[in-house]
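Undergrad: Just one file: start-v1.cif, with mmCIF, C-alpha atoms.
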data_final
#
loop_
_atom_site.label_atom_id
_atom_site.label_comp_id
_atom_site.auth_asym_id
_atom_site.auth_seq_id
_atom_site.Cartn_x
_atom_site.Cartn_y
_atom_site.Cartn_z
CA MET A 15 63.03 47.73 96.23
CA ASN A 16 59.35 47.52 97.24
CA LYS A 17 59.96 44.23 99.08
CA LEU A 18 63.03 45.62 100.79
CA LEU A 19 61.32 48.71 102.10
CA PRO A 20 59.04 47.09 104.71
CA ALA A 21 62.01 45.06 105.99
CA VAL A 22 64.12 48.17 106.32
CA VAL A 23 61.26 50.06 107.95
CA LEU A 24 60.86 47.24 110.48
CA CYS A 25 64.54 47.42 111.32
CA LEU A 26 64.31 51.18 111.66
CA ALA A 27 61.29 50.82 113.90
CA THR A 28 63.20 48.51 116.22
CA LEU A 29 65.99 51.04 116.35
CA THR A 30 63.60 53.65 117.71
CA VAL A 31 62.89 51.48 120.73
CA PRO A 32 65.54 52.25 123.35
CA GLY A 33 67.54 49.25 124.42
CA LEU A 34 66.98 47.22 121.26
CA ALA A 35 69.52 49.24 119.27
CA SER A 36 73.10 47.95 119.51
CA ALA A 37 76.29 50.04 119.49
CA VAL A 38 75.65 53.76 118.98
CA GLU A 39 73.01 55.09 116.69
CA TYR A 40 73.22 58.58 115.23
CA GLY A 41 69.80 59.95 114.48
CA THR A 42 69.55 63.64 115.25
CA VAL A 43 71.15 65.95 112.74
CA LEU A 44 72.68 69.11 114.17
CA ALA A 45 71.86 71.40 111.26
CA GLU A 46 73.75 74.39 112.64
CA LYS A 47 76.98 72.39 112.64
CA SER A 48 76.38 70.80 109.26
CA VAL A 49 77.32 72.18 105.86
CA ILE A 50 76.33 71.33 102.32
CA GLY A 51 78.53 73.19 99.87
CA PHE A 52 79.37 73.06 96.21
CA VAL A 53 82.05 74.21 93.81
CA SER A 54 81.21 75.31 90.31
CA LYS A 55 83.80 76.17 87.69
CA GLN A 56 83.26 79.32 85.68
CA MET A 57 85.67 79.58 82.74
CA GLY A 58 88.22 77.58 84.74
CA VAL A 59 87.73 79.56 87.95
CA ALA A 60 86.41 77.60 90.93
CA VAL A 61 83.61 79.45 92.72
CA ASN A 62 82.42 78.23 96.11
CA GLY A 63 78.76 78.11 97.01
CA LYS A 64 76.56 76.49 99.60
CA PHE A 65 73.03 75.48 100.53
CA PRO A 66 72.59 77.09 103.94
CA LYS A 67 69.01 75.88 104.52
CA PHE A 68 68.22 72.20 104.61
CA THR A 69 66.65 69.53 106.76
CA ALA A 70 68.21 66.13 107.11
CA GLN A 71 67.15 62.85 108.63
CA VAL A 72 69.80 60.33 109.43
CA ALA A 73 69.66 56.92 111.06
CA PHE A 74 73.13 55.44 111.15
CA ASP A 75 74.70 52.83 113.37
CA PRO A 76 78.36 52.29 112.48
CA ALA A 77 78.01 48.66 113.62
CA LYS A 78 75.21 48.17 111.09
CA PRO A 79 75.85 50.53 108.16
CA GLU A 80 73.64 48.50 105.80
CA MET A 81 70.63 49.49 107.91
CA ALA A 82 71.33 53.20 107.56
CA LYS A 83 68.86 55.62 106.03
CA VAL A 84 69.49 59.18 105.02
CA SER A 85 67.20 61.75 103.53
CA ILE A 86 68.06 65.38 102.92
CA SER A 87 65.81 68.17 101.73
CA VAL A 88 67.47 71.37 100.53
CA ASP A 89 65.73 74.74 100.33
CA THR A 90 66.87 75.84 96.86
CA ALA A 91 65.68 79.44 97.27
CA ALA A 92 68.36 80.00 99.91
CA THR A 93 71.21 78.93 97.59
CA ASP A 94 74.38 80.98 98.00
CA ALA A 95 76.11 80.84 94.62
CA GLY A 96 79.03 83.09 95.53
CA SER A 97 77.82 86.58 94.67
CA LYS A 98 74.67 88.67 94.76
CA ASP A 99 74.41 88.59 90.96
CA ALA A 100 74.70 84.82 90.93
CA ASN A 101 72.28 84.39 93.86
CA ASP A 102 69.62 86.43 92.10
CA GLU A 103 70.15 84.44 88.90
CA VAL A 104 70.35 80.93 90.38
CA VAL A 105 66.79 80.94 91.79
CA GLY A 106 65.28 81.85 88.42
CA LYS A 107 63.55 79.73 85.81
CA GLN A 108 66.71 78.90 83.91
CA TRP A 109 68.42 77.60 87.04
CA PHE A 110 66.72 76.09 90.08
CA ASN A 111 63.30 77.56 89.24
CA VAL A 112 62.55 77.75 92.96
CA ARG A 113 58.99 78.92 92.47
CA MET A 114 58.10 75.59 90.88
CA PHE A 115 60.67 73.45 92.69
CA PRO A 116 61.36 74.88 96.15
CA THR A 117 63.28 71.82 97.34
CA ALA A 118 65.92 69.47 96.08
CA THR A 119 66.04 66.09 97.81
CA PHE A 120 68.35 63.17 98.34
CA THR A 121 66.99 59.83 99.55
CA SER A 122 69.32 56.95 100.22
CA THR A 123 68.68 53.42 99.02
CA SER A 124 71.72 51.68 100.47
CA VAL A 125 74.84 52.23 102.51
CA LYS A 126 77.77 49.85 102.45
CA PRO A 127 81.12 49.78 104.22
CA ALA A 128 84.21 50.59 102.15
CA GLY A 129 87.09 50.30 104.60
CA PRO A 130 87.78 51.50 108.13
CA GLY A 131 85.65 54.58 108.78
CA LYS A 132 84.69 54.67 105.08
CA TYR A 133 81.36 54.00 103.48
CA GLU A 134 79.53 54.38 100.22
CA ILE A 135 75.98 55.67 100.04
CA THR A 136 73.72 55.12 97.06
CA GLY A 137 70.54 57.06 96.56
CA SER A 138 68.34 59.17 94.37
CA LEU A 139 68.90 62.89 93.86
CA SER A 140 65.88 64.92 92.77
CA ILE A 141 66.27 68.46 91.50
CA LYS A 142 63.90 70.54 89.37
CA GLY A 143 61.58 67.61 88.77
CA LYS A 144 64.32 65.27 87.53
CA SER A 145 65.90 62.35 89.38
CA GLN A 146 69.31 60.78 88.99
CA PRO A 147 71.08 58.04 90.92
CA VAL A 148 74.00 59.15 93.07
CA VAL A 149 76.84 57.17 94.61
CA ALA A 150 78.83 59.09 97.19
CA PRO A 151 81.82 57.95 99.23
CA PHE A 152 81.89 59.31 102.76
CA THR A 153 83.81 58.97 105.97
CA PHE A 154 82.35 58.70 109.45
CA ARG A 155 84.02 59.40 112.74
CA ALA A 156 82.70 59.74 116.25
CA ASP A 157 83.47 63.07 117.89
CA GLY A 158 82.37 62.85 121.51
CA ALA A 159 78.62 62.41 121.54
CA SER A 160 78.35 63.34 117.87
CA GLY A 161 79.15 61.64 114.63
CA VAL A 162 80.61 63.48 111.65
CA PHE A 163 79.80 62.34 108.12
CA GLU A 164 81.95 63.89 105.38
CA GLY A 165 81.88 63.18 101.71
CA GLY A 166 81.09 64.43 98.27
CA PHE A 167 79.93 63.62 94.80
CA VAL A 168 79.75 65.19 91.38
CA VAL A 169 76.47 66.44 89.96
CA LYS A 170 76.16 66.99 86.23
CA ARG A 171 74.03 70.12 86.18
CA ILE A 172 72.84 69.62 82.59
CA ASP A 173 71.18 66.33 83.69
CA PHE A 174 68.88 68.44 85.85
CA ALA A 175 68.46 71.32 83.37
CA ILE A 176 70.21 73.62 85.85
CA GLY A 177 71.37 76.48 83.64
CA GLU A 178 69.14 76.62 80.57
CA GLY A 179 69.16 78.78 77.47
CA SER A 180 72.48 80.52 76.95
CA TRP A 181 73.67 78.99 80.23
CA THR A 182 73.83 75.50 78.71
CA ASP A 183 77.27 76.53 77.43
CA VAL A 184 79.46 74.35 79.65
CA SER A 185 82.60 76.25 78.70
CA MET A 186 81.14 79.16 80.69
CA VAL A 187 79.86 77.18 83.70
CA ALA A 188 81.14 73.62 83.79
CA ASN A 189 78.74 70.68 83.71
CA ASP A 190 80.45 69.02 86.67
CA VAL A 191 79.53 70.57 90.01
CA GLN A 192 81.29 69.15 93.04
CA VAL A 193 78.95 68.84 96.02
CA ASN A 194 80.55 68.43 99.45
CA PHE A 195 78.77 67.67 102.69
CA ARG A 196 79.66 67.60 106.34
CA ILE A 197 76.74 66.36 108.38
CA VAL A 198 77.01 66.28 112.15
CA ALA A 199 74.53 64.15 114.03
CA SER A 200 74.23 63.43 117.72
CA ALA A 201 74.02 59.95 119.15
CA ALA A 202 70.31 59.91 119.87
CA PRO A 203 67.53 58.09 118.06
CA PRO A 204 65.43 60.22 115.75
CA SER A 205 62.74 62.10 117.69
CA PRO A 206 59.16 61.44 116.50
CA ALA A 207 59.06 64.93 115.00
CA THR A 208 62.02 64.33 112.73
CA ALA A 209 61.57 60.61 112.05
CA ARG A 210 60.48 59.67 108.59
CA PRO A 211 56.72 58.93 108.50
CA ALA A 212 57.20 55.19 107.81
CA ALA A 213 59.15 54.69 111.06
CA LYS A 214 56.54 56.19 113.38
CA SER A 215 55.29 52.77 114.60
CA LYS A 216 56.69 51.88 118.01
CA MET B 27 123.49 106.50 79.32
CA SER B 28 121.15 108.91 77.61
CA ASP B 29 120.01 108.50 74.03
CA THR B 30 122.04 110.55 71.54
CA THR B 31 119.40 110.73 68.81
CA GLY B 32 116.99 112.43 71.23
CA LYS B 33 114.39 109.66 70.77
CA TYR B 34 113.11 107.01 73.10
CA SER B 35 114.38 103.52 72.33
CA GLY B 36 112.36 101.17 70.14
CA THR B 37 111.54 99.06 73.19
CA ALA B 38 110.23 102.03 75.14
CA ILE B 39 108.15 103.20 72.19
CA THR B 40 106.63 99.77 71.58
CA LEU B 41 105.77 99.25 75.23
CA HIS B 42 104.35 102.78 75.55
CA TRP B 43 101.82 102.41 72.74
CA LEU B 44 101.03 98.74 73.44
CA ILE B 45 100.33 99.40 77.11
CA GLY B 46 98.45 102.60 76.29
CA ALA B 47 96.18 100.84 73.81
CA MET B 48 95.52 97.93 76.18
CA ILE B 49 94.71 100.33 79.01
CA LEU B 50 92.25 102.30 76.90
CA ILE B 51 90.50 99.14 75.69
CA SER B 52 90.39 97.61 79.19
CA PHE B 53 88.96 100.84 80.58
CA GLY B 54 86.22 100.79 77.97
CA VAL B 55 85.43 97.13 78.56
CA GLY B 56 85.47 97.76 82.32
CA LEU B 57 82.91 100.55 82.04
CA TYR B 58 80.68 98.54 79.72
CA MET B 59 80.81 95.21 81.53
CA THR B 60 79.82 96.54 84.95
CA GLY B 61 76.54 97.77 83.48
CA LEU B 62 75.55 94.40 82.05
CA LYS B 63 72.88 92.12 83.42
CA PHE B 64 74.30 88.85 84.73
CA SER B 65 74.83 86.54 81.75
CA PRO B 66 77.47 84.28 80.20
CA GLU B 67 78.60 87.33 78.17
CA LYS B 68 79.16 89.31 81.36
CA LEU B 69 81.22 86.47 82.84
CA LYS B 70 83.27 86.27 79.66
CA LEU B 71 83.96 90.03 79.58
CA TYR B 72 84.94 90.09 83.26
CA ASN B 73 87.47 87.33 82.66
CA TRP B 74 88.90 88.96 79.52
CA HIS B 75 89.18 92.24 81.42
CA LYS B 76 91.05 90.50 84.24
CA TRP B 77 93.35 88.65 81.83
CA ALA B 78 94.09 91.92 80.04
CA GLY B 79 94.82 93.47 83.45
CA VAL B 80 97.32 90.75 84.31
CA SER B 81 98.97 91.13 80.89
CA ILE B 82 99.14 94.91 81.32
CA PHE B 83 100.68 94.49 84.75
CA MET B 84 103.42 92.25 83.35
CA LEU B 85 104.09 94.70 80.52
CA VAL B 86 104.27 97.54 83.06
CA LEU B 87 106.86 95.57 85.03
CA LEU B 88 108.87 95.28 81.81
CA ARG B 89 108.40 98.97 81.01
CA SER B 90 109.49 99.98 84.51
CA ALA B 91 112.57 97.75 84.43
CA TRP B 92 113.48 99.20 81.05
CA ARG B 93 112.91 102.77 82.26
CA LEU B 94 115.11 102.21 85.31
CA THR B 95 117.96 100.93 83.14
CA HIS B 96 117.51 103.15 80.08
CA ALA B 97 117.18 106.88 80.81
CA ALA B 98 114.58 108.80 78.87
CA PRO B 99 115.92 111.39 76.42
CA PRO B 100 116.14 114.85 78.05
CA LEU B 101 113.12 117.15 77.55
CA PRO B 102 113.48 119.99 75.07
CA PRO B 103 113.58 123.54 76.52
CA MET B 104 110.28 124.52 78.17
CA PRO B 105 109.10 126.60 81.14
CA ALA B 106 109.95 125.09 84.53
CA TRP B 107 106.32 124.45 85.47
CA GLN B 108 105.79 122.40 82.31
CA ARG B 109 108.96 120.43 83.00
CA PHE B 110 107.67 119.75 86.51
CA ALA B 111 104.20 118.82 85.21
CA ALA B 112 105.75 116.38 82.74
CA HIS B 113 107.80 114.56 85.37
CA ALA B 114 104.96 114.58 87.92
CA SER B 115 102.37 113.25 85.49
CA HIS B 116 104.70 110.50 84.28
CA VAL B 117 105.38 109.39 87.84
CA LEU B 118 101.63 109.46 88.52
CA LEU B 119 100.97 107.33 85.45
CA TYR B 120 103.45 104.71 86.65
CA VAL B 121 101.75 104.73 90.07
CA PHE B 122 98.35 104.21 88.40
CA MET B 123 99.68 101.47 86.14
CA PHE B 124 100.79 99.51 89.20
CA ALA B 125 97.95 100.35 91.55
CA ILE B 126 95.08 99.73 89.18
CA PRO B 127 95.79 96.10 88.24
CA LEU B 128 96.77 95.42 91.87
CA THR B 129 93.50 96.79 93.25
CA GLY B 130 91.63 94.83 90.62
CA TRP B 131 93.36 91.63 91.67
CA LEU B 132 92.72 92.32 95.37
CA MET B 133 89.09 93.21 94.70
CA SER B 134 88.54 90.00 92.78
CA SER B 135 89.96 87.94 95.66
CA ALA B 136 87.89 89.81 98.25
CA LYS B 137 84.77 89.12 96.20
CA GLY B 138 85.58 85.41 96.13
CA PHE B 139 86.66 85.17 92.50
CA GLN B 140 90.15 83.87 92.03
CA THR B 141 91.93 85.11 88.92
CA VAL B 142 92.92 82.23 86.66
CA TYR B 143 95.01 83.69 83.82
CA PHE B 144 93.50 82.53 80.52
CA GLY B 145 91.71 79.84 82.52
CA VAL B 146 94.93 77.91 83.09
CA LEU B 147 97.27 79.77 85.47
CA PRO B 148 95.77 80.48 88.88
CA LEU B 149 96.96 83.64 90.63
CA PRO B 150 97.00 83.36 94.43
CA ASP B 151 94.24 85.10 96.35
CA LEU B 152 96.07 87.64 98.48
CA LEU B 153 92.88 88.31 100.42
CA GLY B 154 90.13 86.04 101.69
CA LYS B 155 86.50 86.54 100.76
CA ASP B 156 85.25 89.66 102.52
CA LYS B 157 82.17 91.42 101.17
CA ASP B 158 82.82 94.86 102.69
CA LEU B 159 86.48 94.85 101.69
CA GLY B 160 85.51 93.75 98.20
CA GLU B 161 83.13 96.67 97.82
CA LEU B 162 85.71 99.11 99.16
CA LEU B 163 88.33 97.83 96.70
CA GLU B 164 85.80 98.13 93.90
CA LEU B 165 85.40 101.83 94.73
CA VAL B 166 89.17 102.29 94.90
CA HIS B 167 89.70 100.50 91.57
CA ARG B 168 86.98 102.58 89.93
CA TRP B 169 88.24 105.96 91.22
CA LEU B 170 91.87 105.18 90.46
CA ASN B 171 90.71 104.50 86.90
CA TYR B 172 88.81 107.78 86.59
CA SER B 173 91.82 109.67 87.98
CA MET B 174 94.19 107.87 85.62
CA MET B 175 92.00 108.76 82.65
CA ALA B 176 92.12 112.41 83.66
CA VAL B 177 95.92 112.28 83.75
CA VAL B 178 96.01 110.36 80.44
CA ALA B 179 93.83 113.05 78.86
CA ALA B 180 96.18 115.77 80.13
CA HIS B 181 99.19 113.69 79.00
CA ALA B 182 97.81 113.35 75.46
CA ALA B 183 96.69 116.99 75.30
CA ALA B 184 100.12 118.17 76.43
CA ALA B 185 101.84 116.02 73.80
CA LEU B 186 99.62 117.50 71.10
CA LYS B 187 100.22 121.01 72.42
CA HIS B 188 103.97 120.50 72.28
CA HIS B 189 103.74 119.11 68.78
CA PHE B 190 101.32 121.57 67.14
CA VAL B 191 101.77 124.72 69.23
CA ASP B 192 105.34 124.65 70.54
CA ARG B 193 106.51 122.66 67.49
CA ASP B 194 109.13 120.81 69.53
CA ASP B 195 110.02 117.10 69.35
CA VAL B 196 108.21 115.91 72.51
CA LEU B 197 105.70 113.79 70.59
CA ARG B 198 108.12 112.80 67.83
CA ARG B 199 110.44 111.23 70.42
CA MET B 200 107.76 108.68 71.25
CA MET B 201 106.70 107.94 67.65
CA PRO B 202 107.93 104.87 65.80
CA GLY B 203 110.45 105.54 63.03
CA ASN B 204 114.12 106.49 62.90
CA ARG B 205 114.33 110.26 62.88
CA THR B 206 113.04 112.96 65.24
#
Rewrite the coordinates I just gave you, this time as structure tokens.

TA:
Amino acid sequence: MNKLLPAVVLCLATLTVPGLASAVEYGTVLAEKSVIGFVSKQMGVAVNGKFPKFTAQVAFDPAKPEMAKVSISVDTAATDAGSKDANDEVVGKQWFNVRMFPTATFTSTSVKPAGPGKYEITGSLSIKGKSQPVVAPFTFRADGASGVFEGGFVVKRIDFAIGEGSWTDVSMVANDVQVNFRIVASAAPPSPATARPAAKSK
Amino acid sequence: MSDTTGKYSGTAITLHWLIGAMILISFGVGLYMTGLKFSPEKLKLYNWHKWAGVSIFMLVLLRSAWRLTHAAPPLPPMPAWQRFAAHASHVLLYVFMFAIPLTGWLMSSAKGFQTVYFGVLPLPDLLGKDKDLGELLELVHRWLNYSMMAVVAAHAAAALKHHFVDRDDVLRRMMPGNRT
């Protein structure tokens, strides 16, 4: 992984130079059009929630998916868990503990094609000081000057100690939480402000 | 065809007391659970309350179908205003028994919580998630309940009055057993 990183960074750096990139590269996330939601099951009842505040960096060229990089940082304090009661509870120590862990992050390690318009992203999910590998299938389609990435994956909340104490009872709130994302990015290279620090060289 | 023994049928009697008991318990649980701090226990009680509500609603459908096909025994002699009060309060109770579970179901949908009967049978959400509508329905559900309890109290008090003061068979007609 450490040997791969400089190579990937070099490729990313070339992508930031206009004219050297081939095909279309999607690099500017349109946060207001993007959604990261989740579904938790409470005693068999599906409850919808979402993470309305997040920042995302994407560098994706559908002609070269293996070169793609994605990193997402979610503001856990803004979590909408479906009701005022739940929202007040979910930021507390037994749940996201937002005072100590204000963000949850996803950083990709690889993207590979999985059929026409389909891909699989592998990465590391960090929540509440714990990290777990994630593999998420997603689809990509161009929509005018934007690209739409849609996919999802299951998070086992107990792995991240989300819901401690009496909330560890998974018959009350299921262990499996389905996370769904719809990220819209425009076909423009990442601006210096949003580019990841390692890709700043031009 | 009206009952010749002067009593309600066994089915009517069973449904009356079963539904009455479930309503009283659900009312108590409803009052208690809304005061709880958010916890797994609160979630559990809310779901039990909703499942009881669905069960009550189905029993009320049965009771209503039975009532429409099996006439109640005629009331014993009593002043006209009491006769009117009896019929009016019974009609009101049927209205409450339909409206209260219905408003509960609608409220739950408007608050974004689908009702899944015993965690296995999902009931459709008749309304989409709508915070203001959810809060309005909560008020309606709550005040229908308080009003129903007032009528239930009058209903029970009247039955006791008829039994102990008037010494007629109003209460006996609704008691289990063979003879009035």

Undergrad: Sorted by chain and rising residue number, list the residues of chain A at most 8 Å from chain B (counting only C-alpha atoms), each with its closest atom pair and distance in Å to one decimal, as a Markdown table.

TA:
| residue | atom | partner | partner_atom | distance |
| --- | --- | --- | --- | --- |
| A:Gln56 | CA | B:Leu69 | CA | 8.0 |
| A:Met57 | CA | B:Gly145 | CA | 6.0 |
| A:Gly58 | CA | B:Gly145 | CA | 4.7 |
| A:Val59 | CA | B:Val142 | CA | 6.0 |
| A:Ala60 | CA | B:Gln140 | CA | 7.4 |
| A:Val61 | CA | B:Phe139 | CA | 6.5 |
| A:Asn62 | CA | B:Gly138 | CA | 7.8 |
| A:Gly96 | CA | B:Gly138 | CA | 7.0 |
| A:Ser97 | CA | B:Lys137 | CA | 7.6 |
| A:Asp99 | CA | B:Phe64 | CA | 6.2 |
| A:Ala100 | CA | B:Phe64 | CA | 7.4 |
| A:Glu103 | CA | B:Phe64 | CA | 7.4 |
| A:Ser180 | CA | B:Pro66 | CA | 7.0 |
| A:Trp181 | CA | B:Pro66 | CA | 6.5 |
| A:Met186 | CA | B:Pro66 | CA | 6.3 |

Undergrad: Please, what distance in Å, to one decimal, runs between CA of Leu149 (chain B) and CA of Ile51 (chain B)?

TA: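 According to the coordinates, CA of Leu149 (chain B) and CA of Ile51 (chain B) are separated by 22.5 Å.
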
Undergrad: Select, from B:Ala98, B:Val121, B:Leu71, B:Ile82, the residue with the minimum atom-to-atom distance to Trp43 (chain B), counting all atoms listed in the file.

TA: B:Ile82

Undergrad: Taking (64.2, 64.3, 97.8) in the file's own coordinates, collect the residues within 7 Å, counting only C-alpha atoms, and hand them back as an MDAnalysis selection string.

TA: chainID A and resid 85:87 118:121 139:140

Undergrad: Between CA of Met133 (chain B) and CA of Phe52 (chain A), what distance in Å does the model show, to one decimal?

TA: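 According to the coordinates, CA of Met133 (chain B) and CA of Phe52 (chain A) are separated by 22.4 Å.
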
Undergrad: Since I can't run it myself right now, could you work out what the PyMOL selection byres ((chain A and resi 116) around 9) selects here and report it as a ChimeraX atom specification?

TA: /A:88-91,110-115,117-118,142

Undergrad: What does the PyMOL selection byres ((chain A and resi 83) around 10) select in this file, as a ChimeraX atom specification?

TA: /A:22-23,26,41,71-75,79-82,84-85,121-125,135,137,210

Undergrad: Keeping only C-alpha atoms, write the selected residues as a short mmCIF file (atom, residue, chain, number, x, y, z; two decimals), keeping the file's coordinate frame.

TA:
data_model
loop_
_atom_site.label_atom_id
_atom_site.label_comp_id
_atom_site.auth_asym_id
_atom_site.auth_seq_id
_atom_site.Cartn_x
_atom_site.Cartn_y
_atom_site.Cartn_z
CA VAL A 22 64.12 48.17 106.32
CA VAL A 23 61.26 50.06 107.95
CA LEU A 26 64.31 51.18 111.66
CA GLY A 41 69.80 59.95 114.48
CA GLN A 71 67.15 62.85 108.63
CA VAL A 72 69.80 60.33 109.43
CA ALA A 73 69.66 56.92 111.06
CA PHE A 74 73.13 55.44 111.15
CA ASP A 75 74.70 52.83 113.37
CA PRO A 79 75.85 50.53 108.16
CA GLU A 80 73.64 48.50 105.80
CA MET A 81 70.63 49.49 107.91
CA ALA A 82 71.33 53.20 107.56
CA VAL A 84 69.49 59.18 105.02
CA SER A 85 67.20 61.75 103.53
CA THR A 121 66.99 59.83 99.55
CA SER A 122 69.32 56.95 100.22
CA THR A 123 68.68 53.42 99.02
CA SER A 124 71.72 51.68 100.47
CA VAL A 125 74.84 52.23 102.51
CA ILE A 135 75.98 55.67 100.04
CA GLY A 137 70.54 57.06 96.56
CA ARG A 210 60.48 59.67 108.59
#

Undergrad: Could you work out how far CA of Arg199 (chain B) lies from CA of Pro103 (chain B), giving the answer in Å with one decimal?

TA: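 Atom-to-atom, CA of Pro103 (chain B) and CA of Arg199 (chain B) are spaced 14.1 Å apart.
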
Undergrad: Could you give me, as a PyMOL selection string, the residues that sit within 6 Å of (81.0, 66.5, 109.0) in the file's coordinates, counting all atoms listed in the file?

TA: chain A and resi 162-164+196-198

Undergrad: Check which residues satisfy the PyMOL selection byres ((chain A and resi 46) around 12) in the file shown, then give them as a ChimeraX atom specification.

TA: /A:42-45,47-50,66-70,196-199

Undergrad: For C-alpha atoms, I'd like the residues from the last selection saved as a short mmCIF file (atom, residue, chain, number, x, y, z; two decimals), in the frame of the given file.

TA:
data_model
loop_
_atom_site.label_atom_id
_atom_site.label_comp_id
_atom_site.auth_asym_id
_atom_site.auth_seq_id
_atom_site.Cartn_x
_atom_site.Cartn_y
_atom_site.Cartn_z
CA THR A 42 69.55 63.64 115.25
CA VAL A 43 71.15 65.95 112.74
CA LEU A 44 72.68 69.11 114.17
CA ALA A 45 71.86 71.40 111.26
CA LYS A 47 76.98 72.39 112.64
CA SER A 48 76.38 70.80 109.26
CA VAL A 49 77.32 72.18 105.86
CA ILE A 50 76.33 71.33 102.32
CA PRO A 66 72.59 77.09 103.94
CA LYS A 67 69.01 75.88 104.52
CA PHE A 68 68.22 72.20 104.61
CA THR A 69 66.65 69.53 106.76
CA ALA A 70 68.21 66.13 107.11
CA ARG A 196 79.66 67.60 106.34
CA ILE A 197 76.74 66.36 108.38
CA VAL A 198 77.01 66.28 112.15
CA ALA A 199 74.53 64.15 114.03
#

Undergrad: What's around Pro102 (chain B) at 8 Å? Count all atoms listed in the file, leave out sequence neighbours fewer than 2 positions away in its own chain, and write the answer as a PyMOL selection string.

TA: chain B and resi 100+104+194-196

Undergrad: Can you pull out every residue within 6 Å of Lys170 (chain A), counting only C-alpha atoms, but drop anything in the same chain fewer than 3 positions away, and send it as a PyMOL selection string?

TA: chain A and resi 173+189-190

Undergrad: Using all atoms listed in the file, which of B:Leu50, B:Leu152, B:Ala38, B:Ala114 sits nearest His96 (chain B)?

TA: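 Nearest candidate to His96 (chain B) out of B:Leu50, B:Leu152, B:Ala38, B:Ala114: B:Ala38.
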
Undergrad: Can you work out which one of B:Val86, B:Leu41, B:Met174, B:Met200 has the shortest atom-to-atom distance to Pro99 (chain B), counting only C-alpha atoms?

TA: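 Distance minimum relative to Pro99 (chain B) lands on B:Met200.
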
Undergrad: Leu170 (chain B): which residues within 10 Å, counting all atoms listed in the file, same-chain residues fewer than 5 positions away excluded, as an MDAnalysis selection string?

TA: chainID B and resid 121:123 125:126 129 164:165 175:176

Undergrad: Rebuild region 122-135 of chain A so that it carries N, CA and C atoms, then output the result as an mmCIF file, keeping the file's coordinate frame.

TA:
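Generated output (part30.cif):
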data_model
loop_
_atom_site.group_PDB
_atom_site.id
_atom_site.type_symbol
_atom_site.label_atom_id
_atom_site.label_comp_id
_atom_site.auth_asym_id
_atom_site.auth_seq_id
_atom_site.Cartn_x
_atom_site.Cartn_y
_atom_site.Cartn_z
ATOM 1 N N SER A 122 68.391 58.067 100.391
ATOM 2 C CA SER A 122 69.320 56.950 100.220
ATOM 3 C C SER A 122 68.562 55.644 99.974
ATOM 4 N N THR A 123 69.231 54.758 99.223
ATOM 5 C CA THR A 123 68.680 53.420 99.020
ATOM 6 C C THR A 123 69.571 52.371 99.659
ATOM 7 N N SER A 124 70.849 52.640 99.780
ATOM 8 C CA SER A 124 71.720 51.680 100.470
ATOM 9 C C SER A 124 72.995 52.361 100.939
ATOM 10 N N VAL A 125 73.541 51.783 102.006
ATOM 11 C CA VAL A 125 74.840 52.230 102.510
ATOM 12 C C VAL A 125 75.681 50.984 102.692
ATOM 13 N N LYS A 126 76.923 51.014 102.191
ATOM 14 C CA LYS A 126 77.770 49.850 102.450
ATOM 15 C C LYS A 126 79.161 50.285 102.909
ATOM 16 N N PRO A 127 79.787 49.435 103.722
ATOM 17 C CA PRO A 127 81.120 49.780 104.220
ATOM 18 C C PRO A 127 82.140 49.706 103.092
ATOM 19 N N ALA A 128 83.181 50.549 103.199
ATOM 20 C CA ALA A 128 84.210 50.590 102.150
ATOM 21 C C ALA A 128 85.586 50.766 102.773
ATOM 22 N N GLY A 129 85.801 50.145 103.934
ATOM 23 C CA GLY A 129 87.090 50.300 104.600
ATOM 24 C C GLY A 129 86.880 50.896 105.980
ATOM 25 N N PRO A 130 87.949 50.976 106.765
ATOM 26 C CA PRO A 130 87.780 51.500 108.130
ATOM 27 C C PRO A 130 87.333 52.962 108.113
ATOM 28 N N GLY A 131 86.170 53.211 108.722
ATOM 29 C CA GLY A 131 85.650 54.580 108.780
ATOM 30 C C GLY A 131 85.120 55.073 107.453
ATOM 31 N N LYS A 132 85.125 54.220 106.415
ATOM 32 C CA LYS A 132 84.690 54.670 105.080
ATOM 33 C C LYS A 132 83.459 53.903 104.637
ATOM 34 N N TYR A 133 82.586 54.607 103.947
ATOM 35 C CA TYR A 133 81.360 54.000 103.480
ATOM 36 C C TYR A 133 81.020 54.547 102.106
ATOM 37 N N GLU A 134 80.012 53.896 101.504
ATOM 38 C CA GLU A 134 79.530 54.380 100.220
ATOM 39 C C GLU A 134 78.006 54.401 100.286
ATOM 40 N N ILE A 135 77.430 55.551 99.991
ATOM 41 C CA ILE A 135 75.980 55.670 100.040
ATOM 42 C C ILE A 135 75.444 55.788 98.623
#
